[in-house]
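Novice: Okay, so here is query.cif, and as you'll see once you scroll down, it has mmCIF, C-alpha atoms.
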```cif
data_query
loop_
_atom_site.label_atom_id
_atom_site.label_comp_id
_atom_site.auth_asym_id
_atom_site.auth_seq_id
_atom_site.Cartn_x
_atom_site.Cartn_y
_atom_site.Cartn_z
CA MET A 1 -21.96 -8.22 1.30
CA THR A 2 -25.22 -9.12 -0.35
CA ASP A 3 -26.27 -5.62 -1.17
CA HIS A 4 -25.49 -5.73 -4.85
CA ARG A 5 -27.11 -3.45 -7.32
CA PRO A 6 -30.02 -5.10 -9.17
CA SER A 7 -28.59 -7.11 -12.00
CA PRO A 8 -30.19 -6.85 -15.39
CA GLU A 9 -30.60 -10.19 -17.09
CA GLU A 10 -27.61 -9.54 -19.24
CA GLU A 11 -25.30 -8.92 -16.30
CA GLN A 12 -26.56 -11.94 -14.48
CA THR A 13 -25.62 -14.15 -17.36
CA THR A 14 -22.11 -12.76 -17.35
CA ALA A 15 -21.76 -13.21 -13.63
CA ASN A 16 -22.96 -16.77 -13.62
CA GLU A 17 -20.97 -17.84 -16.60
CA GLU A 18 -17.52 -18.94 -15.48
CA ARG A 19 -14.79 -18.05 -17.89
CA THR A 20 -13.05 -21.34 -18.39
CA VAL A 21 -9.41 -21.41 -19.30
CA SER A 22 -7.61 -24.08 -21.22
CA ASN A 23 -4.69 -25.36 -19.15
CA GLY A 24 -4.48 -22.09 -17.25
CA ARG A 25 -1.68 -20.88 -15.06
CA TYR A 26 -2.33 -18.17 -12.50
CA LEU A 27 0.85 -16.07 -12.41
CA TYR A 28 2.05 -14.43 -9.18
CA CYS A 29 5.48 -13.15 -10.07
CA VAL A 30 8.63 -13.75 -12.04
CA VAL A 31 11.80 -14.53 -10.06
CA ASP A 32 15.52 -15.07 -10.48
CA THR A 33 15.90 -18.77 -9.76
CA THR A 34 19.70 -18.59 -9.83
CA SER A 35 19.51 -16.79 -6.49
CA SER A 36 18.27 -19.92 -4.73
CA GLU A 37 19.65 -23.42 -4.44
CA SER A 38 16.48 -25.08 -5.55
CA ALA A 39 13.92 -23.63 -7.90
CA THR A 40 10.99 -24.86 -5.85
CA LEU A 41 8.46 -23.20 -3.63
CA SER A 42 6.17 -25.13 -1.38
CA THR A 43 3.27 -22.94 -0.48
CA THR A 44 -0.43 -22.83 -1.10
CA GLY A 45 -1.92 -20.21 -3.32
CA VAL A 46 -5.25 -18.67 -4.19
CA ASP A 47 -8.10 -21.15 -3.62
CA ASP A 48 -5.73 -23.60 -1.91
CA ASN A 49 -3.94 -24.47 -5.12
CA PRO A 50 -0.37 -25.75 -4.78
CA VAL A 51 2.13 -23.21 -6.00
CA TYR A 52 5.20 -24.12 -8.03
CA VAL A 53 7.85 -22.57 -10.22
CA VAL A 54 8.06 -22.95 -14.00
CA GLU A 55 11.66 -22.34 -14.90
CA ALA A 56 13.50 -21.42 -18.06
CA ASP A 57 17.22 -20.92 -17.76
CA GLY A 58 17.39 -19.08 -14.46
CA VAL A 59 14.13 -17.20 -14.80
CA GLY A 60 11.12 -18.63 -13.00
CA ALA A 61 7.40 -17.99 -13.09
CA VAL A 62 5.59 -18.60 -9.81
CA VAL A 63 2.24 -20.14 -10.73
CA HIS A 64 -0.60 -22.43 -9.81
CA ASP A 65 -2.81 -24.44 -12.17
CA CYS A 66 -6.24 -23.01 -12.74
CA GLU A 67 -9.29 -23.67 -14.84
CA THR A 68 -10.94 -20.28 -14.58
CA VAL A 69 -9.98 -16.70 -14.09
CA TYR A 70 -10.78 -15.29 -10.68
CA GLU A 71 -14.01 -13.40 -10.89
CA THR A 72 -16.69 -13.25 -8.30
CA GLU A 73 -19.17 -10.85 -6.86
CA ASP A 74 -18.45 -12.12 -3.39
CA LEU A 75 -16.23 -9.38 -2.02
CA GLU A 76 -15.07 -11.38 0.97
CA GLN A 77 -13.86 -14.01 -1.45
CA VAL A 78 -11.90 -11.45 -3.44
CA LYS A 79 -10.27 -10.12 -0.31
CA ARG A 80 -9.19 -13.62 0.67
CA TRP A 81 -7.74 -14.11 -2.80
CA LEU A 82 -5.83 -10.87 -2.62
CA VAL A 83 -4.30 -11.62 0.76
CA THR A 84 -3.31 -15.13 -0.32
CA HIS A 85 -1.84 -13.75 -3.51
CA GLN A 86 0.41 -11.45 -1.51
CA GLN A 87 1.44 -14.28 0.79
CA VAL A 88 2.66 -16.27 -2.17
CA VAL A 89 4.60 -13.29 -3.49
CA ASP A 90 6.14 -12.86 -0.02
CA ALA A 91 7.17 -16.51 0.07
CA ALA A 92 8.69 -16.14 -3.39
CA SER A 93 10.54 -13.02 -2.24
CA ASP A 94 11.99 -14.94 0.70
CA ALA A 95 13.19 -17.73 -1.53
CA PHE A 96 14.41 -15.82 -4.58
CA GLY A 97 14.87 -12.16 -3.65
CA THR A 98 13.01 -9.23 -5.18
CA PRO A 99 10.43 -10.55 -7.66
CA LEU A 100 8.70 -8.87 -10.58
CA PRO A 101 5.18 -8.87 -9.13
CA MET A 102 2.20 -9.33 -11.43
CA ARG A 103 -1.11 -7.60 -11.02
CA PHE A 104 -3.82 -9.63 -9.34
CA ASP A 105 -5.69 -12.09 -11.59
CA THR A 106 -3.08 -12.55 -14.28
CA VAL A 107 -3.88 -15.85 -15.96
CA LEU A 108 -1.95 -17.34 -18.87
CA GLU A 109 -3.14 -20.20 -21.07
CA GLY A 110 -1.40 -23.21 -22.50
CA GLY A 111 0.17 -24.92 -19.52
CA ASP A 112 3.78 -25.03 -18.41
CA ALA A 113 5.08 -25.31 -21.95
CA SER A 114 3.40 -22.07 -22.85
CA ILE A 115 4.84 -20.34 -19.78
CA GLU A 116 8.31 -21.60 -20.59
CA ARG A 117 8.04 -20.27 -24.12
CA TRP A 118 6.84 -16.93 -22.80
CA LEU A 119 9.79 -16.74 -20.38
CA GLU A 120 12.18 -17.59 -23.19
CA ASP A 121 10.63 -15.03 -25.54
CA HIS A 122 11.21 -12.25 -23.01
CA TYR A 123 14.31 -13.73 -21.48
CA GLU A 124 16.61 -10.72 -21.90
CA GLY A 125 13.98 -8.35 -20.56
CA PHE A 126 13.35 -10.49 -17.48
CA ARG A 127 17.05 -10.90 -16.73
CA ASP A 128 17.63 -7.16 -17.01
CA GLU A 129 14.63 -6.24 -14.89
CA LEU A 130 15.39 -8.80 -12.21
CA ALA A 131 18.98 -7.59 -12.06
CA SER A 132 17.92 -3.97 -11.78
CA PHE A 133 15.48 -4.72 -8.93
CA ALA A 134 17.76 -7.10 -7.03
CA GLY A 135 18.09 -5.94 -3.44
CA VAL A 136 15.69 -3.05 -3.85
CA TRP A 137 12.13 -2.85 -2.58
CA GLU A 138 9.17 -0.56 -2.72
CA TYR A 139 8.27 1.44 0.37
CA ARG A 140 5.18 3.52 0.89
CA ILE A 141 5.34 6.79 2.77
CA ASN A 142 2.26 8.64 3.90
CA LEU A 143 2.49 12.11 5.37
CA LEU A 144 -0.40 12.95 7.68
CA TRP A 145 -0.94 16.23 9.42
CA ASP A 146 -3.04 17.41 12.31
CA SER A 147 -3.28 21.15 11.78
CA ALA A 148 -4.66 21.94 15.25
CA PRO A 149 -1.31 22.73 16.95
CA PHE A 150 -0.34 24.87 13.98
CA GLU A 151 -3.61 26.78 14.08
CA GLU A 152 -3.21 27.44 17.77
CA THR A 153 0.17 29.07 17.50
CA ILE A 154 0.30 30.56 14.02
CA ALA A 155 -1.09 33.92 15.04
CA ASP A 156 2.01 34.41 17.20
CA ARG A 157 4.15 34.13 14.12
CA ASP A 158 2.05 35.75 11.42
CA ASP A 159 1.66 39.52 11.66
CA ARG A 160 -1.20 39.72 9.19
CA LEU A 161 -3.31 37.13 10.96
CA ARG A 162 -2.60 38.68 14.34
CA GLU A 163 -3.58 42.08 13.09
CA LEU A 164 -6.83 40.80 11.59
CA ARG A 165 -7.76 39.08 14.81
CA GLN A 166 -6.98 42.12 16.91
CA ARG A 167 -9.09 44.39 14.71
CA GLN A 168 -11.86 41.83 14.84
CA GLN A 169 -12.06 42.12 18.59
CA GLN A 170 -12.34 45.90 18.45
CA SER A 171 -15.00 46.03 15.71
CA GLY A 172 -18.76 46.19 15.61
CA ALA A 173 -20.88 43.33 14.31
CA GLY A 174 -20.84 44.11 10.57
CA LYS A 175 -17.17 44.84 10.33
CA LYS A 176 -16.39 41.96 12.64
CA PHE A 177 -17.99 39.51 10.24
CA LEU A 178 -15.86 40.75 7.37
CA LEU A 179 -12.70 40.60 9.41
CA GLU A 180 -13.56 37.12 10.57
CA LYS A 181 -13.84 36.05 6.98
CA GLN A 182 -10.55 37.66 6.14
CA SER A 183 -8.69 36.09 9.01
CA ASP A 184 -10.14 32.72 8.11
CA GLN A 185 -8.91 33.17 4.56
CA ARG A 186 -5.49 34.11 5.86
CA LEU A 187 -5.45 31.01 8.06
CA GLN A 188 -6.37 28.78 5.12
CA GLU A 189 -3.62 30.36 3.08
CA LEU A 190 -1.08 29.76 5.84
CA LYS A 191 -2.21 26.17 6.19
CA ARG A 192 -1.84 25.63 2.46
CA GLU A 193 1.67 27.02 2.62
CA ARG A 194 2.50 24.78 5.54
CA ARG A 195 1.21 21.70 3.74
CA THR A 196 3.36 22.45 0.72
CA GLU A 197 6.32 23.14 2.96
CA LEU A 198 5.93 19.81 4.77
CA ALA A 199 5.56 17.86 1.53
CA ASP A 200 8.62 19.57 0.08
CA GLN A 201 10.64 18.91 3.20
CA LEU A 202 9.69 15.24 3.13
CA LYS A 203 10.62 14.89 -0.51
CA GLU A 204 13.89 16.69 0.00
CA ALA A 205 14.74 14.56 3.02
CA ILE A 206 14.21 11.20 1.36
CA THR A 207 15.38 11.88 -2.19
CA PRO A 208 19.09 11.26 -1.43
CA VAL A 209 18.41 7.72 -0.15
CA VAL A 210 15.90 6.45 -2.70
CA ASN A 211 16.45 5.20 -6.24
CA ASP A 212 13.08 6.33 -7.50
CA LEU A 213 10.09 8.22 -6.18
CA THR A 214 6.57 8.77 -7.44
CA GLU A 215 3.81 10.71 -5.85
CA GLN A 216 0.58 8.76 -5.44
CA ASP A 217 -2.93 10.07 -5.60
CA THR A 218 -4.07 11.04 -2.14
CA ASN A 219 -7.71 10.67 -3.07
CA THR A 220 -7.51 6.98 -3.57
CA PRO A 221 -10.71 5.10 -2.85
CA LEU A 222 -8.59 2.45 -1.20
CA GLN A 223 -7.55 4.40 1.83
CA ASP A 224 -7.84 2.17 4.81
CA GLU A 225 -10.02 2.88 7.74
CA HIS A 226 -7.10 3.05 10.13
CA SER A 227 -6.10 6.50 8.97
CA SER A 228 -6.74 8.82 11.84
CA ILE A 229 -9.72 11.03 11.41
CA GLU A 230 -8.21 14.26 12.67
CA LYS A 231 -5.24 14.03 10.41
CA GLU A 232 -5.36 14.94 6.78
CA GLN A 233 -3.26 13.24 4.21
CA ILE A 234 -0.75 15.72 2.82
CA VAL A 235 1.18 13.60 0.39
CA ARG A 236 1.78 9.97 -0.40
CA PHE A 237 4.94 8.64 -2.00
CA ALA A 238 5.90 5.29 -3.41
CA VAL A 239 9.67 4.99 -3.34
CA LEU A 240 12.11 2.41 -4.56
CA ALA A 241 15.04 1.97 -2.20
CA ASP A 242 17.96 -0.33 -1.68
CA GLU A 243 17.36 -2.62 1.29
CA ASP A 244 20.64 -1.36 2.73
CA ASP A 245 19.23 2.16 2.75
CA GLU A 246 16.09 1.23 4.66
CA THR A 247 17.46 2.40 7.99
CA ALA A 248 18.74 5.64 6.51
CA LEU A 249 15.33 6.22 4.97
CA GLY A 250 13.66 5.59 8.32
CA ASP A 251 16.04 7.99 10.04
CA ARG A 252 15.24 10.70 7.56
CA LEU A 253 11.52 10.17 8.05
CA ASP A 254 12.13 10.53 11.74
CA THR A 255 13.33 14.10 11.23
CA ILE A 256 10.01 14.95 9.57
CA VAL A 257 7.98 13.42 12.39
CA GLU A 258 9.57 15.93 14.73
CA HIS A 259 7.43 18.67 13.21
CA GLU A 260 4.36 19.39 15.23
CA GLY A 261 1.20 17.48 14.29
CA VAL A 262 2.98 15.33 11.75
CA GLU A 263 2.60 11.58 11.45
CA ILE A 264 4.40 9.39 8.96
CA ARG A 265 3.12 5.99 7.92
CA PHE A 266 6.00 4.00 6.54
CA THR A 267 5.24 0.58 5.09
CA GLY A 268 7.28 -2.02 3.33
CA PRO A 269 9.33 -3.67 2.11
CA TRP A 270 7.00 -4.50 -0.77
CA PRO A 271 7.84 -6.00 -4.14
CA PRO A 272 8.22 -3.16 -6.67
CA TYR A 273 4.54 -3.08 -7.69
CA THR A 274 4.60 0.57 -8.64
CA PHE A 275 7.94 0.49 -10.45
CA ALA A 276 8.00 -2.79 -12.34
CA PRO A 277 7.43 -2.27 -16.06
CA ASP A 278 4.78 -4.00 -18.11
CA ILE A 279 5.99 -6.93 -20.10
CA GLY A 280 5.14 -7.98 -23.61
CA LYS A 281 4.38 -6.32 -26.86
CA MET B 1 13.09 8.45 18.71
CA SER B 2 15.40 5.96 17.11
CA ASP B 3 15.52 3.00 14.79
CA PRO B 4 12.40 3.73 12.75
CA LYS B 5 11.41 0.74 10.67
CA PRO B 6 8.78 0.30 8.02
CA THR B 7 5.86 -1.86 9.01
CA ARG B 8 4.10 -4.73 7.31
CA SER B 9 1.37 -5.07 9.84
CA GLN B 10 -2.16 -6.15 9.22
CA GLY B 11 -3.27 -2.56 9.33
CA ASP B 12 -1.22 -1.91 6.22
CA LEU B 13 -3.27 -4.30 4.16
CA ALA B 14 -5.30 -1.65 2.41
CA GLU B 15 -2.12 -0.29 0.92
CA MET B 16 -1.08 -3.74 -0.21
CA LEU B 17 -4.44 -4.42 -1.81
CA GLU B 18 -4.32 -1.17 -3.69
CA MET B 19 -0.93 -2.11 -5.07
CA LEU B 20 -2.19 -5.52 -6.12
CA LEU B 21 -5.21 -4.11 -7.93
CA ASP B 22 -3.77 -0.93 -9.39
CA LYS B 23 -0.09 -1.65 -9.81
CA GLY B 24 1.97 -4.68 -10.62
CA VAL B 25 3.22 -5.95 -13.93
CA VAL B 26 0.61 -6.19 -16.65
CA VAL B 27 1.35 -9.04 -19.02
CA ASN B 28 0.68 -8.29 -22.65
CA ALA B 29 0.84 -11.65 -24.33
CA ASP B 30 -1.36 -13.71 -26.60
CA ILE B 31 -1.51 -16.42 -23.98
CA ALA B 32 -2.84 -14.04 -21.34
CA VAL B 33 -6.56 -14.63 -20.89
CA SER B 34 -6.91 -12.37 -17.94
CA VAL B 35 -4.39 -9.64 -17.48
CA GLY B 36 -5.23 -8.38 -14.08
CA ASP B 37 -8.31 -6.71 -15.46
CA THR B 38 -9.33 -5.08 -12.26
CA GLU B 39 -12.09 -3.16 -13.98
CA LEU B 40 -14.23 -6.23 -13.66
CA LEU B 41 -13.85 -6.15 -9.93
CA GLY B 42 -15.72 -2.92 -9.97
CA ILE B 43 -16.24 0.10 -7.83
CA GLU B 44 -18.06 -1.96 -5.26
CA LEU B 45 -15.01 -3.98 -4.39
CA ARG B 46 -12.91 -0.88 -4.06
CA ALA B 47 -15.35 0.59 -1.63
CA ALA B 48 -15.37 -2.63 0.34
CA ILE B 49 -11.61 -2.75 0.46
CA ALA B 50 -11.57 0.71 1.88
CA SER B 51 -12.95 -0.97 4.94
CA PHE B 52 -10.73 -4.00 4.79
CA GLU B 53 -10.66 -5.47 8.24
CA THR B 54 -7.59 -7.50 9.06
CA ALA B 55 -5.96 -10.58 7.67
CA ALA B 56 -6.52 -12.29 10.98
CA GLU B 57 -10.25 -12.27 10.33
CA TYR B 58 -9.56 -14.54 7.41
CA GLY B 59 -7.34 -16.75 9.51
CA LEU B 60 -4.37 -15.47 7.59
CA GLU B 61 -1.04 -14.17 8.60
CA PHE B 62 2.01 -13.14 6.69
CA PRO B 63 4.15 -16.22 6.05
CA THR B 64 6.58 -17.20 8.75
CA GLY B 65 10.09 -15.98 8.22
CA THR B 66 8.98 -13.07 6.08
CA ASP B 67 9.36 -9.99 8.13
CA MET B 68 7.63 -10.86 11.33
CA GLU B 69 10.60 -9.90 13.48
CA ARG B 70 10.71 -6.58 11.75
CA VAL B 71 6.99 -6.13 12.09
CA GLU B 72 7.09 -7.02 15.75
CA SER B 73 9.98 -4.76 16.56
CA ALA B 74 8.37 -1.95 14.62
CA ALA B 75 5.09 -2.33 16.36
CA ASN B 76 6.62 -3.27 19.68
CA ILE B 77 4.35 -6.20 20.04
CA SER B 78 5.37 -9.44 21.62
CA PRO B 79 6.26 -12.32 19.27
CA ASP B 80 3.19 -14.26 20.28
CA GLN B 81 0.36 -11.96 19.35
CA SER B 82 -2.27 -14.36 20.56
CA ASP B 83 -0.81 -14.32 24.04
CA PRO B 84 -3.36 -12.54 26.22
CA ALA B 85 -0.54 -11.40 28.48
CA SER B 86 1.10 -9.51 25.64
CA GLU B 87 1.66 -5.82 25.88
CA THR B 88 -1.32 -3.60 26.24
CA GLN B 89 -2.72 -1.35 23.59
CA SER B 90 -1.53 1.82 25.23
CA GLU B 91 2.00 0.54 25.49
CA THR B 92 2.18 -0.34 21.84
CA GLU B 93 0.85 3.04 20.99
CA SER B 94 3.28 5.04 22.98
CA THR B 95 6.33 3.16 21.84
CA ASN B 96 5.74 3.16 18.12
CA PRO B 97 8.81 4.85 16.67
CA LEU B 98 7.06 6.59 13.83
CA SER B 99 4.00 7.92 15.43
CA ASP B 100 3.82 10.97 17.58
CA ASP B 101 0.49 10.80 19.24
CA SER B 102 -1.97 8.90 17.15
CA THR B 103 -2.61 5.22 16.96
CA PRO B 104 -0.19 3.40 14.71
CA THR B 105 -1.63 0.95 12.25
CA ALA B 106 -0.19 -2.10 13.94
CA SER B 107 -1.71 -1.50 17.29
CA THR B 108 -5.01 -0.47 15.78
CA SER B 109 -5.39 -3.83 14.16
CA ALA B 110 -4.05 -5.61 17.21
CA GLU B 111 -6.87 -4.09 19.15
CA GLU B 112 -9.45 -5.05 16.58
CA THR B 113 -8.38 -8.63 16.45
CA LYS B 114 -8.75 -9.14 20.17
#
```
Just give me the structure as structure tokens.
Specialist:
Amino acid sequence: MTDHRPSPEEEQTTANEERTVSNGRYLYCVVDTTSSESATLSTTGVDDNPVYVVEADGVGAVVHDCETVYETEDLEQVKRWLVTHQQVVDAASDAFGTPLPMRFDTVLEGGDASIERWLEDHYEGFRDELASFAGVWEYRINLLWDSAPFEETIADRDDRLRELRQRQQQSGAGKKFLLEKQSDQRLQELKRERRTELADQLKEAITPVVNDLTEQDTNTPLQDEHSSIEKEQIVRFAVLADEDDETALGDRLDTIVEHEGVEIRFTGPWPPYTFAPDIGK
Amino acid sequence: MSDPKPTRSQGDLAEMLEMLLDKGVVVNADIAVSVGDTELLGIELRAAIASFETAAEYGLEFPTGTDMERVESAANISPDQSDPASETQSETESTNPLSDDSTPTASTSAEETK
């Protein structure tokens, strides 16, 4: 991870200059502390800092003390921070139920007193949001498709494609080329239709058991390397579902997996990252 | 196929990291000095995260008591993942409830961490 682009002098200065924070608190999430007997959390956070809860009347901010914001050009370091961040949020979820999860590298200034004031200022909003997310989690659903089995059998079911292929076999070179092109176009069209059909079926299947659903960009640069190479990503949903509906959701996904060439990646439960609203002004 | 469960395996980390960088509550407050400004992390990081290895490489695991039982049952891996006598790769593959024929995320990462 040393292959950085050449830094102009200006950039170098920025990179080397640590942004110091006065009495900073790195914020992981906001939780409902009334859901637990004690409003404490003993875990270690980003950069081995002890994590604790700043509480104001039943609403708690899960924080650690920090003197800088978390910036670095060392990518391995950032990855470690991200994983640790999530571990803290998981521990908070275990202790207090569904949290309102902050984005990575949210740092507030002014110490515990400042955090308490901030919690009090937005008290109603926090109570409402925490109540609305109680017992619900985010799940991620990825629909992947290997079109090979479909391509092998589609000509049996599509008259147009079958006809094109038959004529192709009986034609001379020039005509054959044209027909090849046409049958390829027809195949692409059929594949497009199939993709839409699969995505629609998935959406229809899960909608009754989720509270909210948003389609995510399939061209994300953050796709992991474990996605299978042969399979293309058809659609990606983030859904919000009651934890009691998790099994029902899984069962419905199972009906989609029965289609040929289809794979579903179903992850969760996650804190409602995609659904939690921004807080403040 | 029965009892399909969501997974929180190490192979699902890329999804988690994306959520942490792109989603999550943004705090708009005067006291916020850094509001999850992921712009500063840059394109480079995003590219690197696309090839995020596994948490195990950082000596990290999801906290105990979180969802490990769920993860294990979903991935059909034995509770002690470090046990060399644990189930083989092919077994975990074929018994994953939500995968028809390709490698599920959990077993992919299990293989890589060996």
Novice: Could you check the closest approach to chain B for each of A:Ala56, A:Leu187, A:Val210, A:Val30 and tell me which residue wins, using all atoms listed in the file?
Specialist: A:Val30
Novice: Got a sec to check which residues sit within 8 Å of (-4.8, -10.9, -5.3), counting all atoms listed in the file, and write them as a list in words?
Specialist: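 I get Val46, Val78, Lys79, Arg80, Trp81, Leu82, Val83, Thr84, His85, Gln86, Arg103, Phe104 and Asp105 of chain A; Leu17, Leu20 and Leu21 of chain B for the residues within 8 Å of that point.
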Novice: What are the residues of chain A that have an atom within 7 Å of an atom of chain B, counting only C-alpha atoms, as a ChimeraX atom specification?
Specialist: /A:69,75,80,82,87,90-91,94,101-110,221-226,247,250-251,254,263-264,266-268,273-274,276-281
Novice: What is the distance, in Å and to one decimal place, between atom CA of A:Asp245 and atom CA of A:Asp212?
Specialist: 12.7 Å
Novice: Step by step, work through what the PyMOL selection byres ((chain A and resi 53) around 6) selects in the shown file, and finish by giving those residues as a list in words.
Specialist: Thr40, Tyr52, Val54, Gly60, Ala61 and Val62 of chain A
Novice: A:Glu215: which residues within 7 Å, counting only C-alpha atoms, same-chain residues fewer than 4 positions away excluded, as a PyMOL selection string?
Specialist: chain A and resi 236-238
